[in-house]
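Engineer: Shown below is the structure under consideration.
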Amino acid sequence: MKLSEIQKMIKDFENSNLTELELTFEDTTIKLSKQQTHSQPSPVVTQSAPVYNQPQQDLNPTLSSENTIVSPLVGTFYAASSPKSKPYVEVGSKVKKGDVLCLIEAMKIMNEITAPKDGTIVKNHVMNGQVVGIDDALFDLE
């Protein structure tokens, strides 16, 4: 067997889902093995420096009867795009329908939560890094 054929076989093995391979040619045996890893890399998200990905779906928060914007999913609330960034909104901020209010991380996906209508933020119910549930109050909008 030629060296180029062995090199191609090793490359093909590395790119395959196989974890072990053993081949014997005449008096030569080649054994290849690798540790099984996840086929899809997972982004790492930490409290101090979260990794923000694009949302998988359009999540529109709803308004309760008291004009309270509530969370459409369970996850971790982030007031800003990064730990050193200014919050998207603060009490007194005027927002238009579709403006980003915060991020909620769910299953390592960062989901933008947007304003369901025009108004002014009069209360923030959640602290940065706090876990929220479905229908938990996020902001009061006037």
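Every chain in the structure tokens takes a letter, A first, then B, and so on in the order presented; its residues are numbered from 1, and the ligands are numbered from 1 following the presented order.
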Quick one: everything within 9 Å of Phe139 of chain A, counting only C-alpha atoms, minus sequence neighbours fewer than 6 positions away in the same chain. Send it as a list in words.
Structural biologist: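 Final neighbour list, sorted by chain and number: Asn67, Thr68, Ile69, Val70, Val91, Leu101, Ile121, Val122, Lys123, Asn124, His125 and Val126 of chain A.
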Engineer: Here is a test: counting only C-alpha atoms, which residue of A:Lys34, A:Phe77, A:Leu141, A:Lys84 is nearest to Ile10 of chain A?
Structural biologist: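 Of A:Lys34, A:Phe77, A:Leu141, A:Lys84, the one nearest Ile10 of chain A is A:Lys34, counting only C-alpha atoms.
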Engineer: What lies within 12 Å of Glu14 of chain A using only C-alpha atoms, ignoring chain neighbours under 3 positions off, as a list in words?
Structural biologist: Gln7, Lys8, Met9, Ile10, Lys11, Asn17, Leu18, Thr19, Glu20, Leu21, Leu32, Ser33, Lys34, Gln35, Gln36, Thr37 and Ser39 of chain A
Engineer: Measuring atom to atom with only C-alpha atoms, identify which of A:Lys108, A:Lys31, A:Lys117, A:Lys2 is nearest to Thr76 of chain A.
Structural biologist: A:Lys108
Engineer: Using Å and a single decimal, report how far atom CA of Val74 of chain A sits from atom CA of Glu105 of chain A.
Structural biologist: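 Value for the atom CA of Glu105 of chain A-atom CA of Val74 of chain A distance: 8.3 Å.
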Engineer: If you count only C-alpha atoms, which residues fall within 7 Å of Gly133 of chain A, apart from same-chain ones fewer than 2 positions away, as a PyMOL selection string?
Structural biologist: chain A and resi 71+73-75+131+135-136
Engineer: Find the residue from A:Ile6, A:Ala106, A:Val132, A:Ala115 that sits nearest to Lys94 of chain A; use only C-alpha atoms when measuring.
Structural biologist: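 Ranked by minimum distance to Lys94 of chain A, first place goes to A:Ala115.
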Engineer: Atom CA of Gly98 of chain A to atom CA of Pro72 of chain A: how many Å, to one decimal?
Structural biologist: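 That distance, rounded to one decimal, is 14.9 Å.
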Engineer: Considering only C-alpha atoms, can you say which of A:Ile104, A:Leu3, A:Leu23, A:Val95 comes closest to Met127 of chain A?
Structural biologist: A:Ile104
